[in-house]
Each structure stands twice: as C-alpha cells, then as structure tokens.
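Notes to accompany the following structure.
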Amino acid sequence: MLSNFQLFCLISILLVAVGGGYYPLFRSDRARAGTGFPLGQAFAAGVFLALSLVIMLPNGFHLFSKALPEITFPLASLPATGAFVALLAIGHLLSAKRSGSHDAREITTPVIPVIMTIAIAIPSFMLGTALGVSDNLSGLTIFLAVIAHKGSAGFALALAMVRSTMTRPQSFLLFALFACSTPVGILVGADVHEYLSGHAMTLVKAVILSLASGVFLFMATLHEMKHAPLIVDCCTVRGFIAMSVGLIITVFVRVLLGIAHTGHPG
C-alpha cells in the first residue's frame, strides 16, 4: 500500500509528465518552435550525478554487504554497470536510427518516437521503483530529480510524436505509456517493500538501488548521446551553474540525512 508521500509523488510525477507533453500534443504548431527546458535539464543532470555517485551506489554497497557479508566483491557495481551499459545500447540504437535517416520521409517515420519512448520509459520505471523502496527522506531527493526531468522529457517525446506520421490516437497511447512508467515503478517498489522483509528485502533493495545508480549516471551523462545535458545544456555559464546547484543541493541533502540518522555526515 502506498504511503501518503508515495501517493503524492505518483500523482505529481504523472501531472508533470502530462503537462510536459500538453503543448506538443495539443498545440503542435507552437511546440515545434520551442526549445524545451535547458536550465531544468542542466539542474536535473547535477541532481542525477549526485544521486548516482553519492547516494544510490554507496547505499547499494552498504545493503549488499549487510545482506551478503561473506562476499567481498563490490556487488553493487554489477547491476549499476549493467543498467548503464543496457541504456547505452538503447541509446546507440536510437542514435543510429536518427543518423540513418537521410530524407524527410524517413525522419517522419514512427520508429523514432517509439524508440525514444522505450529509451525514456525504462529508466523512468527504474527510478520510480527506487523511489518506491526508499524511505521518505531519501525518496524526496529522487522525487525532485524525476520532477526536474519528467516535464522536459515529456515535451521532447511528444514533440517527436507530432513530427512523425503517427496518428493522434497512437501518439496519445504511446505518450500514456511514458507518463505511467514512473508511477508504475513506484507501485512496484511499494509492493516489493510491503511483501518482502528482512534479508530478502535488504537484498532486493540493494539490487534496485544499484540499478538506479547506473540509470542516474546514464541520465546525467549520456542520455540522448550528443544531446546529453552535461554537454549541451551545461556549456553556458547559466547552465553550468544550474547543474552545479543541483549537484550541491543533492550532496547537502545527503549530508543532512547522514546527520539526522547517525549524528555524523556518513
């Protein structure tokens, strides 16, 4: 059963996703002239980077060592690396489809928005699952990062749909799959947290948080390849400051969480 905080996150993320896709889907002429939300993307990249390397991955190491103390191998690195490489492969597939299109008719095929939906929905689901298994304080940082990214991702995805030959019902259906990916992840994470306990819950949570670490790292660095926020949106002074603010705030929140739980920053 969802907590009040998780229910709030689920509804908020769904509304932000729908809000991001509203203009491309309902005001397609205006949307084609838009540029998205570069500062929001830059801020989210900084948050993702800190979440991956400062919060998620260390938590994964800690939980694996707690669940399997006899194993000295850094197990958390395996799901994190696996998630990163899997998303990289999907990203290369998307990039190849884009670069392989040589004329206007090819560019407008529905293949691009379909692959984009897969590339965005999979990590969105994983981030939702990580939010679902996290406590309220840790989940808050994940929630803020997802909110910062979800609207701009929805805008870009919906824009690709209206620029393709997809019919209006097909666009709405595909966008609904994207919009629901994170909320469904939250529901799955909450169910896992409710039905598992003790050693099994510790192990599952370690795997989920480690996977999320790889997802966050990918979203911060290589998401959309040459259009990655750390490359495109952070090249300006304002963009770099936005990214730095996102990173510093997230690290500061992690320090506060450590002090609140143990009395020291660790």
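Ordering of the structure tokens sets the chain letters (A, B, ...), residue numbers begin anew at 1 in every chain, and ligands are numbered from 1 in the order given.
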Name all residues at most 9 Å from Val162 of chain A (count only C-alpha atoms; drop same-chain ones fewer than 2 positions away) and give them as a PDB file with all heavy atoms, in the first residue's frame.
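Just written: result-v2.pdb:
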ATOM      1  N   PRO A  24       3.041  20.005 -27.147  1.00  0.00           N
ATOM      2  CA  PRO A  24       3.287  19.290 -28.406  1.00  0.00           C
ATOM      3  C   PRO A  24       2.076  18.514 -28.907  1.00  0.00           C
ATOM      4  O   PRO A  24       1.824  18.443 -30.107  1.00  0.00           O
ATOM      5  CB  PRO A  24       4.436  18.334 -28.045  1.00  0.00           C
ATOM      6  CG  PRO A  24       5.123  18.991 -26.908  1.00  0.00           C
ATOM      7  CD  PRO A  24       4.032  19.657 -26.118  1.00  0.00           C
ATOM      8  N   LEU A  25       1.293  17.929 -27.993  1.00  0.00           N
ATOM      9  CA  LEU A  25       0.170  17.103 -28.408  1.00  0.00           C
ATOM     10  C   LEU A  25      -1.062  17.920 -28.786  1.00  0.00           C
ATOM     11  O   LEU A  25      -1.811  17.543 -29.694  1.00  0.00           O
ATOM     12  CB  LEU A  25      -0.197  16.116 -27.296  1.00  0.00           C
ATOM     13  CG  LEU A  25       0.831  15.015 -27.010  1.00  0.00           C
ATOM     14  CD1 LEU A  25       0.404  14.176 -25.807  1.00  0.00           C
ATOM     15  CD2 LEU A  25       1.037  14.116 -28.236  1.00  0.00           C
ATOM     16  N   SER A  28       0.564  21.696 -31.451  1.00  0.00           N
ATOM     17  CA  SER A  28       1.738  21.199 -32.175  1.00  0.00           C
ATOM     18  C   SER A  28       2.484  22.288 -32.939  1.00  0.00           C
ATOM     19  O   SER A  28       3.715  22.272 -33.015  1.00  0.00           O
ATOM     20  CB  SER A  28       1.332  20.077 -33.137  1.00  0.00           C
ATOM     21  OG  SER A  28       0.328  20.530 -34.023  1.00  0.00           O
ATOM     22  N   ARG A  32       6.566  23.113 -32.073  1.00  0.00           N
ATOM     23  CA  ARG A  32       7.680  22.894 -32.993  1.00  0.00           C
ATOM     24  C   ARG A  32       8.681  24.037 -32.957  1.00  0.00           C
ATOM     25  O   ARG A  32       9.843  23.862 -33.313  1.00  0.00           O
ATOM     26  CB  ARG A  32       7.141  22.725 -34.414  1.00  0.00           C
ATOM     27  CG  ARG A  32       6.394  21.419 -34.638  1.00  0.00           C
ATOM     28  CD  ARG A  32       6.059  21.195 -36.102  1.00  0.00           C
ATOM     29  NE  ARG A  32       5.326  19.963 -36.294  1.00  0.00           N
ATOM     30  CZ  ARG A  32       4.001  19.880 -36.408  1.00  0.00           C
ATOM     31  NH1 ARG A  32       3.284  20.992 -36.345  1.00  0.00           N
ATOM     32  NH2 ARG A  32       3.417  18.724 -36.576  1.00  0.00           N
ATOM     33  N   LEU A 157       9.555  14.060 -26.079  1.00  0.00           N
ATOM     34  CA  LEU A 157       8.940  12.852 -26.611  1.00  0.00           C
ATOM     35  C   LEU A 157       7.672  13.172 -27.395  1.00  0.00           C
ATOM     36  O   LEU A 157       7.468  12.668 -28.508  1.00  0.00           O
ATOM     37  CB  LEU A 157       8.624  11.895 -25.457  1.00  0.00           C
ATOM     38  CG  LEU A 157       8.074  10.517 -25.837  1.00  0.00           C
ATOM     39  CD1 LEU A 157       9.048   9.801 -26.767  1.00  0.00           C
ATOM     40  CD2 LEU A 157       7.829   9.692 -24.586  1.00  0.00           C
ATOM     41  N   ALA A 158       6.817  14.023 -26.824  1.00  0.00           N
ATOM     42  CA  ALA A 158       5.579  14.392 -27.515  1.00  0.00           C
ATOM     43  C   ALA A 158       5.887  15.148 -28.806  1.00  0.00           C
ATOM     44  O   ALA A 158       5.183  14.982 -29.822  1.00  0.00           O
ATOM     45  CB  ALA A 158       4.701  15.236 -26.600  1.00  0.00           C
ATOM     46  N   LEU A 159       6.928  15.970 -28.791  1.00  0.00           N
ATOM     47  CA  LEU A 159       7.311  16.719 -29.987  1.00  0.00           C
ATOM     48  C   LEU A 159       7.743  15.766 -31.100  1.00  0.00           C
ATOM     49  O   LEU A 159       7.396  15.957 -32.273  1.00  0.00           O
ATOM     50  CB  LEU A 159       8.441  17.695 -29.654  1.00  0.00           C
ATOM     51  CG  LEU A 159       8.839  18.688 -30.749  1.00  0.00           C
ATOM     52  CD1 LEU A 159       7.647  19.543 -31.154  1.00  0.00           C
ATOM     53  CD2 LEU A 159       9.994  19.561 -30.267  1.00  0.00           C
ATOM     54  N   ALA A 160       8.495  14.716 -30.728  1.00  0.00           N
ATOM     55  CA  ALA A 160       8.908  13.719 -31.727  1.00  0.00           C
ATOM     56  C   ALA A 160       7.695  12.995 -32.298  1.00  0.00           C
ATOM     57  O   ALA A 160       7.673  12.635 -33.482  1.00  0.00           O
ATOM     58  CB  ALA A 160       9.869  12.717 -31.089  1.00  0.00           C
ATOM     59  N   SER A 164       6.150  13.037 -36.369  1.00  0.00           N
ATOM     60  CA  SER A 164       6.171  11.771 -37.096  1.00  0.00           C
ATOM     61  C   SER A 164       4.844  11.553 -37.800  1.00  0.00           C
ATOM     62  O   SER A 164       3.933  12.385 -37.732  1.00  0.00           O
ATOM     63  CB  SER A 164       6.439  10.622 -36.121  1.00  0.00           C
ATOM     64  OG  SER A 164       5.288  10.338 -35.349  1.00  0.00           O
ATOM     65  N   THR A 165       4.727  10.407 -38.463  1.00  0.00           N
ATOM     66  CA  THR A 165       3.491  10.076 -39.170  1.00  0.00           C
ATOM     67  C   THR A 165       2.520   9.308 -38.280  1.00  0.00           C
ATOM     68  O   THR A 165       1.535   8.755 -38.783  1.00  0.00           O
ATOM     69  CB  THR A 165       3.805   9.238 -40.424  1.00  0.00           C
ATOM     70  OG1 THR A 165       4.549   8.071 -40.034  1.00  0.00           O
ATOM     71  CG2 THR A 165       4.609  10.049 -41.425  1.00  0.00           C
ATOM     72  N   MET A 166       2.770   9.278 -36.991  1.00  0.00           N
ATOM     73  CA  MET A 166       1.866   8.597 -36.075  1.00  0.00           C
ATOM     74  C   MET A 166       0.508   9.287 -36.068  1.00  0.00           C
ATOM     75  O   MET A 166       0.428  10.516 -36.166  1.00  0.00           O
ATOM     76  CB  MET A 166       2.438   8.589 -34.644  1.00  0.00           C
ATOM     77  CG  MET A 166       3.725   7.809 -34.491  1.00  0.00           C
ATOM     78  SD  MET A 166       4.316   7.815 -32.779  1.00  0.00           S
ATOM     79  CE  MET A 166       3.084   6.772 -32.028  1.00  0.00           C
ATOM     80  N   THR A 167      -0.547   8.501 -35.951  1.00  0.00           N
ATOM     81  CA  THR A 167      -1.874   9.084 -35.820  1.00  0.00           C
ATOM     82  C   THR A 167      -2.025   9.672 -34.419  1.00  0.00           C
ATOM     83  O   THR A 167      -1.256   9.372 -33.514  1.00  0.00           O
ATOM     84  CB  THR A 167      -2.966   8.022 -36.046  1.00  0.00           C
ATOM     85  OG1 THR A 167      -2.883   7.032 -35.007  1.00  0.00           O
ATOM     86  CG2 THR A 167      -2.790   7.352 -37.406  1.00  0.00           C
ATOM     87  N   ARG A 168      -3.042  10.497 -34.249  1.00  0.00           N
ATOM     88  CA  ARG A 168      -3.270  11.127 -32.948  1.00  0.00           C
ATOM     89  C   ARG A 168      -3.533  10.091 -31.843  1.00  0.00           C
ATOM     90  O   ARG A 168      -2.944  10.178 -30.774  1.00  0.00           O
ATOM     91  CB  ARG A 168      -4.436  12.115 -33.061  1.00  0.00           C
ATOM     92  CG  ARG A 168      -4.566  13.080 -31.888  1.00  0.00           C
ATOM     93  CD  ARG A 168      -5.688  14.081 -32.157  1.00  0.00           C
ATOM     94  NE  ARG A 168      -5.800  15.068 -31.105  1.00  0.00           N
ATOM     95  CZ  ARG A 168      -5.101  16.184 -31.038  1.00  0.00           C
ATOM     96  NH1 ARG A 168      -4.203  16.448 -31.976  1.00  0.00           N
ATOM     97  NH2 ARG A 168      -5.268  17.036 -30.048  1.00  0.00           N
ATOM     98  N   SER A 171      -0.270   8.451 -30.893  1.00  0.00           N
ATOM     99  CA  SER A 171       0.570   9.351 -30.106  1.00  0.00           C
ATOM    100  C   SER A 171       0.118   9.396 -28.653  1.00  0.00           C
ATOM    101  O   SER A 171       0.936   9.332 -27.728  1.00  0.00           O
ATOM    102  CB  SER A 171       0.532  10.769 -30.707  1.00  0.00           C
ATOM    103  OG  SER A 171       1.076  10.797 -32.008  1.00  0.00           O
TER     104      SER A 171
END
Task: Who sits within 7 Å of segment 125-130 of chain A, only C-alpha atoms, same chain under 2 positions skipped, as an MDAnalysis selection string - done: chainID A and resid 121:123 132:134 181:186 188:189 208:209 212
Any chance you could export the current selection's all heavy atoms as a compact mmCIF listing (two decimals), in the first residue's frame?
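Writing done, so here's selection_37.txt:
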# COMPACT_ATOMS: atom_id res chain seq x y z
N ALA A 121 11.25 5.40 -21.05
CA ALA A 121 10.34 4.72 -20.12
C ALA A 121 11.05 3.71 -19.24
O ALA A 121 10.71 3.57 -18.05
CB ALA A 121 9.22 4.02 -20.91
N ILE A 122 12.05 3.01 -19.77
CA ILE A 122 12.76 2.00 -18.97
C ILE A 122 13.47 2.64 -17.77
O ILE A 122 13.26 2.22 -16.63
CB ILE A 122 13.74 1.19 -19.85
CG1 ILE A 122 12.95 0.30 -20.82
CG2 ILE A 122 14.65 0.32 -18.98
CD1 ILE A 122 13.80 -0.46 -21.79
N PRO A 123 14.31 3.66 -17.98
CA PRO A 123 14.93 4.29 -16.81
C PRO A 123 13.90 4.98 -15.91
O PRO A 123 14.07 5.01 -14.69
CB PRO A 123 15.91 5.31 -17.40
CG PRO A 123 15.48 5.51 -18.80
CD PRO A 123 14.87 4.21 -19.23
N GLY A 132 9.98 3.93 -4.82
CA GLY A 132 9.04 3.10 -4.09
C GLY A 132 9.65 2.33 -2.94
O GLY A 132 8.97 2.06 -1.95
N VAL A 133 10.94 1.96 -3.05
CA VAL A 133 11.58 1.19 -1.98
C VAL A 133 12.33 2.08 -1.00
O VAL A 133 12.88 1.58 -0.01
CB VAL A 133 12.55 0.12 -2.54
CG1 VAL A 133 11.82 -0.84 -3.45
CG2 VAL A 133 13.73 0.77 -3.28
N SER A 134 12.39 3.39 -1.27
CA SER A 134 13.14 4.30 -0.41
C SER A 134 12.25 4.86 0.69
O SER A 134 11.02 4.92 0.55
CB SER A 134 13.72 5.46 -1.24
OG SER A 134 14.60 4.98 -2.24
N SER A 181 5.09 5.28 -16.73
CA SER A 181 6.25 4.43 -16.42
C SER A 181 6.76 4.64 -15.00
O SER A 181 6.99 3.67 -14.26
CB SER A 181 7.37 4.66 -17.44
OG SER A 181 7.77 6.02 -17.47
N THR A 182 6.94 5.89 -14.59
CA THR A 182 7.43 6.16 -13.24
C THR A 182 6.38 5.83 -12.18
O THR A 182 6.71 5.18 -11.18
CB THR A 182 7.88 7.62 -13.10
OG1 THR A 182 8.83 7.93 -14.12
CG2 THR A 182 8.53 7.85 -11.73
N PRO A 183 5.10 6.25 -12.34
CA PRO A 183 4.10 5.84 -11.36
C PRO A 183 3.99 4.33 -11.19
O PRO A 183 3.83 3.83 -10.07
CB PRO A 183 2.79 6.44 -11.92
CG PRO A 183 3.24 7.64 -12.68
CD PRO A 183 4.55 7.24 -13.30
N VAL A 184 4.05 3.57 -12.30
CA VAL A 184 4.00 2.11 -12.20
C VAL A 184 5.22 1.60 -11.43
O VAL A 184 5.12 0.68 -10.61
CB VAL A 184 3.93 1.46 -13.60
CG1 VAL A 184 4.14 -0.05 -13.51
CG2 VAL A 184 2.58 1.76 -14.25
N GLY A 185 6.38 2.21 -11.67
CA GLY A 185 7.58 1.84 -10.93
C GLY A 185 7.41 2.08 -9.44
O GLY A 185 7.84 1.26 -8.61
N ILE A 186 6.77 3.19 -9.07
CA ILE A 186 6.51 3.48 -7.66
C ILE A 186 5.62 2.40 -7.05
O ILE A 186 5.87 1.91 -5.94
CB ILE A 186 5.86 4.87 -7.50
CG1 ILE A 186 6.83 5.97 -7.93
CG2 ILE A 186 5.42 5.10 -6.05
CD1 ILE A 186 6.22 7.36 -7.93
N VAL A 188 5.27 -0.72 -8.08
CA VAL A 188 6.04 -1.96 -7.97
C VAL A 188 6.99 -1.90 -6.78
O VAL A 188 7.09 -2.85 -5.99
CB VAL A 188 6.83 -2.22 -9.27
CG1 VAL A 188 7.80 -3.39 -9.08
CG2 VAL A 188 5.88 -2.51 -10.42
N GLY A 189 7.69 -0.78 -6.62
CA GLY A 189 8.61 -0.63 -5.50
C GLY A 189 7.90 -0.70 -4.16
O GLY A 189 8.39 -1.32 -3.21
N ILE A 208 17.92 -2.98 -6.52
CA ILE A 208 17.16 -1.88 -7.12
C ILE A 208 17.93 -0.57 -7.04
O ILE A 208 18.02 0.18 -8.03
CB ILE A 208 15.79 -1.75 -6.43
CG1 ILE A 208 14.90 -2.94 -6.79
CG2 ILE A 208 15.10 -0.44 -6.85
CD1 ILE A 208 13.57 -2.95 -6.08
N LEU A 209 18.51 -0.28 -5.87
CA LEU A 209 19.25 0.98 -5.72
C LEU A 209 20.52 0.99 -6.56
O LEU A 209 20.92 2.03 -7.09
CB LEU A 209 19.58 1.22 -4.25
CG LEU A 209 18.37 1.48 -3.33
CD1 LEU A 209 18.83 1.73 -1.90
CD2 LEU A 209 17.57 2.67 -3.83
N ALA A 212 19.43 1.61 -10.04
CA ALA A 212 19.06 3.02 -10.14
C ALA A 212 20.30 3.90 -10.24
O ALA A 212 20.29 4.92 -10.93
CB ALA A 212 18.22 3.44 -8.94
Dump as a Markdown table the rows for residues of segment 136-198 of chain A within 8 Å of segment 2-21 of chain A: closest atom pair and distance in Å with one decimal, only C-alpha atoms counted, ordered by chain and rising residue number.
| residue | atom | partner | partner_atom | distance |
| --- | --- | --- | --- | --- |
| A:Asn136 | CA | A:Phe5 | CA | 6.8 |
| A:Phe143 | CA | A:Cys9 | CA | 6.5 |
| A:Val146 | CA | A:Ile13 | CA | 7.4 |
| A:Ile147 | CA | A:Ile13 | CA | 6.0 |
| A:Lys150 | CA | A:Ala17 | CA | 5.4 |
| A:Gly151 | CA | A:Gly20 | CA | 4.2 |
| A:Ser152 | CA | A:Gly20 | CA | 6.0 |
| A:Ala153 | CA | A:Gly20 | CA | 7.3 |
| A:Gly154 | CA | A:Gly20 | CA | 4.8 |
| A:Phe155 | CA | A:Gly20 | CA | 4.6 |
| A:Ala156 | CA | A:Gly21 | CA | 7.8 |
| A:Leu157 | CA | A:Gly21 | CA | 7.5 |
| A:Ala158 | CA | A:Gly21 | CA | 5.2 |
| A:Leu159 | CA | A:Gly21 | CA | 7.7 |
| A:Phe175 | CA | A:Gly21 | CA | 7.9 |
| A:Ala179 | CA | A:Ala17 | CA | 5.4 |
| A:Cys180 | CA | A:Leu14 | CA | 6.7 |
| A:Thr182 | CA | A:Ile13 | CA | 7.4 |
| A:Pro183 | CA | A:Leu10 | CA | 5.0 |
| A:Ile186 | CA | A:Leu10 | CA | 6.9 |
| A:Leu187 | CA | A:Leu2 | CA | 7.2 |
| A:Ala190 | CA | A:Leu2 | CA | 6.2 |
Open item on the list: Which residues are close to Phe64 of chain A, i.e. within 9 Å by only C-alpha atoms, leaving aside same-chain residues fewer than 3 positions away? Reply as an NGL selection string.
Closed with: :A and (59-61 or 67-69 or 71 or 74-76 or 202-203 or 205-207)
Open item on the list: What does the structure give for the distance between atom CA of Phe218 of chain A and atom CA of Phe84 of chain A, in Å to one decimal?
Closed with: 5.7 Å
- [ ] State, in Å with one decimal place, the distance from atom CA of Leu173 of chain A to atom CA of Val111 of chain A.
- [x] 14.7 Å
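Residues with any atom within 7 Å of Leu217 of chain A, counting only C-alpha atoms and excluding same-chain neighbours fewer than 5 positions away, are Phe48, Leu49 and Ser52 of chain A.
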Task: Atomic separation - atom CA of Ser210 of chain A relative to atom CA of Val255 of chain A, Å - done: 19.7 Å
Task: Ala80 of chain A environment, 6 Å, only C-alpha atoms, sequence neighbours closer than 4 positions dropped, as a list of chain:residue names - done: A:Ser210, A:Leu211, A:Ser213, A:Gly214
TODO: Return the single residue from A:Thr221, A:Ala83, A:Phe26, A:Ala42 that is closest to Val237 of chain A, with distances computed using only C-alpha atoms.
DONE: A:Ala42
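In terms of minimum interatomic distance to Pro113 of chain A, A:Arg163 ranks closest within A:Arg163, A:Lys66, A:Arg238, A:His149, counting only C-alpha atoms.
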- [ ] Could you please write out, as a ChimeraX atom specification, every residue of segment 54-209 of chain A that DSSP assigns to alpha helix (DSSP H)?
- [x] /A:57-67,77-99,104-107,111-133,136-162,168-195,198-209
